[in-house]
file entry-v3.cif (mmCIF, C-alpha atoms)
data_my_file
#
loop_
_atom_site.label_atom_id
_atom_site.label_comp_id
_atom_site.auth_asym_id
_atom_site.auth_seq_id
_atom_site.Cartn_x
_atom_site.Cartn_y
_atom_site.Cartn_z
CA MET A 934 6.63 13.72 -12.39
CA LYS A 935 6.75 9.94 -12.13
CA ILE A 936 6.37 8.04 -8.88
CA ASP A 937 9.98 6.87 -9.06
CA ASP A 938 11.04 10.54 -9.15
CA LEU A 939 9.13 11.08 -5.91
CA PHE A 940 10.89 8.10 -4.29
CA GLU A 941 14.26 9.58 -5.33
CA ILE A 942 13.38 13.02 -3.97
CA ILE A 943 12.28 11.59 -0.63
CA GLU A 944 15.45 9.52 -0.39
CA ALA A 945 17.62 12.58 -1.07
CA ARG A 946 15.72 14.84 1.32
CA ALA A 947 15.81 12.24 4.07
CA GLU A 948 19.47 13.16 4.52
CA SER A 949 18.72 16.89 4.82
CA ASP A 950 18.65 19.05 7.91
CA PRO A 951 15.28 18.61 9.70
CA GLU A 952 15.31 22.36 10.38
CA ILE A 953 15.02 23.13 6.65
CA SER A 954 13.38 20.02 5.18
CA TRP A 955 9.84 18.90 6.00
CA THR A 956 10.73 15.42 4.75
CA ALA A 957 13.74 15.13 7.05
CA LYS A 958 11.75 16.57 9.96
CA LEU A 959 8.92 14.10 9.46
CA LEU A 960 11.29 11.15 9.11
CA SER A 961 13.17 12.22 12.25
CA GLN A 962 9.91 11.78 14.18
CA GLY A 963 9.83 8.09 13.28
CA PRO A 964 7.69 5.66 11.30
CA ASP A 965 4.62 6.04 13.53
CA LYS A 966 4.44 9.80 12.92
CA CYS A 967 4.89 9.23 9.18
CA ALA A 968 1.99 6.76 9.24
CA GLU A 969 -0.14 9.21 11.21
CA LYS A 970 0.47 11.95 8.63
CA PHE A 971 -0.39 9.53 5.82
CA GLY A 972 -3.65 8.69 7.60
CA GLU A 973 -4.53 12.38 7.95
CA GLU A 974 -3.96 12.93 4.24
CA ALA A 975 -6.04 9.86 3.38
CA ILE A 976 -8.97 11.27 5.34
CA GLU A 977 -8.57 14.67 3.68
CA SER A 978 -8.54 12.98 0.26
CA ILE A 979 -11.71 11.05 1.09
CA ILE A 980 -13.45 14.22 2.23
CA ALA A 981 -12.47 16.02 -0.99
CA ALA A 982 -13.76 13.08 -3.05
CA THR A 983 -17.08 12.94 -1.24
CA LYS A 984 -17.49 16.71 -1.72
CA LYS A 985 -16.89 16.16 -5.46
CA ASN A 986 -14.29 18.94 -5.31
CA LYS A 987 -11.87 18.02 -8.09
CA SER A 988 -9.22 20.68 -7.43
CA GLU A 989 -9.17 19.89 -3.71
CA LEU A 990 -9.01 16.17 -4.49
CA ILE A 991 -6.02 16.72 -6.75
CA HIS A 992 -4.25 18.78 -4.07
CA GLU A 993 -5.01 16.30 -1.29
CA THR A 994 -4.05 13.32 -3.43
CA ALA A 995 -0.67 14.92 -4.17
CA ASP A 996 -0.21 15.29 -0.39
CA LEU A 997 -1.38 11.70 0.08
CA LEU A 998 1.12 10.29 -2.42
CA TYR A 999 3.95 12.32 -0.89
CA HIS A 1000 3.13 11.11 2.62
CA LEU A 1001 2.72 7.53 1.37
CA VAL A 1002 6.24 7.57 -0.02
CA VAL A 1003 7.60 9.14 3.18
CA MET A 1004 5.86 6.43 5.23
CA LEU A 1005 7.25 3.71 2.97
CA HIS A 1006 10.76 5.17 3.25
CA ALA A 1007 10.44 5.34 7.04
CA ASN A 1008 9.65 1.62 7.03
CA GLY A 1009 12.39 0.62 4.60
CA VAL A 1010 10.01 -0.26 1.75
CA THR A 1011 11.32 0.39 -1.75
CA LEU A 1012 9.53 1.10 -5.00
CA THR A 1013 11.06 -2.08 -6.44
CA GLU A 1014 9.43 -4.16 -3.71
CA ILE A 1015 6.06 -2.62 -4.48
CA THR A 1016 6.38 -2.99 -8.25
CA ASP A 1017 7.50 -6.61 -7.79
CA GLU A 1018 4.34 -7.27 -5.78
CA LEU A 1019 2.19 -5.57 -8.42
CA LYS A 1020 3.84 -7.68 -11.14
CA ARG A 1021 3.11 -10.80 -9.11
CA ARG A 1022 -0.56 -9.82 -9.01
CA LYS A 1023 -0.80 -8.80 -12.67
CA ASN A 1024 -2.58 -11.90 -13.92
CA ILE A 1025 -4.45 -12.72 -10.74
CA SER A 1026 -8.04 -11.70 -10.14
CA GLY A 1027 -8.34 -9.25 -7.26
CA ILE A 1028 -10.88 -11.57 -5.69
CA GLU A 1029 -8.53 -14.54 -5.95
CA GLU A 1030 -5.59 -12.51 -4.63
CA LYS A 1031 -7.56 -11.43 -1.56
CA LYS A 1032 -8.64 -15.07 -0.93
CA SER A 1033 -4.99 -16.14 -1.03
CA ARG A 1034 -4.28 -13.72 1.83
CA GLY A 1035 -7.22 -14.93 3.85
CA THR A 1036 -8.82 -11.47 3.97
#
call {"tool": "encode", "arguments": {"input": "entry-v3.cif", "output": "structure tokens"}}
result
Amino acid sequence: MKIDDLFEIIEARAESDPEISWTAKLLSQGPDKCAEKFGEEAIESIIAATKKNKSELIHETADLLYHLVVMLHANGVTLTEITDELKRRKNISGIEEKKSRGT
């Protein structure tokens, strides 16, 4: 599966009944809840990585990517906007890009 497939699936499931779709249920709870779930999955992914547990890391990273896309959808962020930003950064050093943001 490609990441754009995941964006399409989330978009389609967002219109589903929250009683039968986890995606619709999560989105119905608002952007803050979606961000919270993403944060939980990020922590679980970090734990799996530090335990050097490859199968758990794969599982948790799949959850992380799913919840990332749900969080982006809840905030009206599209894949095109993200890929445009990545294209903008393509020929810029990561160090230089961070300096340009003042971080």
call {"tool": "residues_near_point", "arguments": {"input": "entry-v3.cif", "point": "(0.4, 6.4, 6.8)", "cutoff": "7 Å", "atoms": "only C-alpha atoms", "output": "VMD selection string"}}
result
chain A and resid 967 to 972 1000 to 1001 1004
call {"tool": "resolve_selection", "arguments": {"input": "entry-v3.cif", "expression": "the PyMOL selection byres ((chain A and resi 952-965) around 8)", "output": "list of chain:residue names"}}
result
A:Ile943, A:Arg946, A:Ala947, A:Glu948, A:Ser949, A:Asp950, A:Pro951, A:Lys966, A:Cys967, A:Ala968, A:Glu969, A:Val1003, A:Met1004, A:Ala1007, A:Asn1008
call {"tool": "resolve_selection", "arguments": {"input": "entry-v3.cif", "expression": "the PyMOL selection byres ((chain A and resi 995) around 12)", "output": "PyMOL selection string"}}
result
chain A and resi 934-936+939+971+974-975+977-978+988-994+996-1002
call {"tool": "atom_distance", "arguments": {"input": "entry-v3.cif", "atom1": "atom CA of A:His1006", "atom2": "atom CA of A:Asp938"}}
result
13.5 Å
call {"tool": "closest_residue", "arguments": {"input": "entry-v3.cif", "among": "A:Ser1033, A:Thr1016, A:Ser1026, A:Asn986", "to": "A:Asp937", "atoms": "only C-alpha atoms"}}
result
A:Thr1016
call {"tool": "atom_distance", "arguments": {"input": "entry-v3.cif", "atom1": "atom CA of A:Phe940", "atom2": "atom CA of A:Ile976"}}
result
22.3 Å
call {"tool": "axis_aligned_box", "arguments": {"input": "entry-v3.cif", "around": "stretch 955-966 of chain A", "padding_each_side": "8 Å", "output": "AutoDock Vina command-line options"}}
result
--center_x 9.1 --center_y 12.3 --center_z 9.5 --size_x 25.3 --size_y 29.2 --size_z 25.4
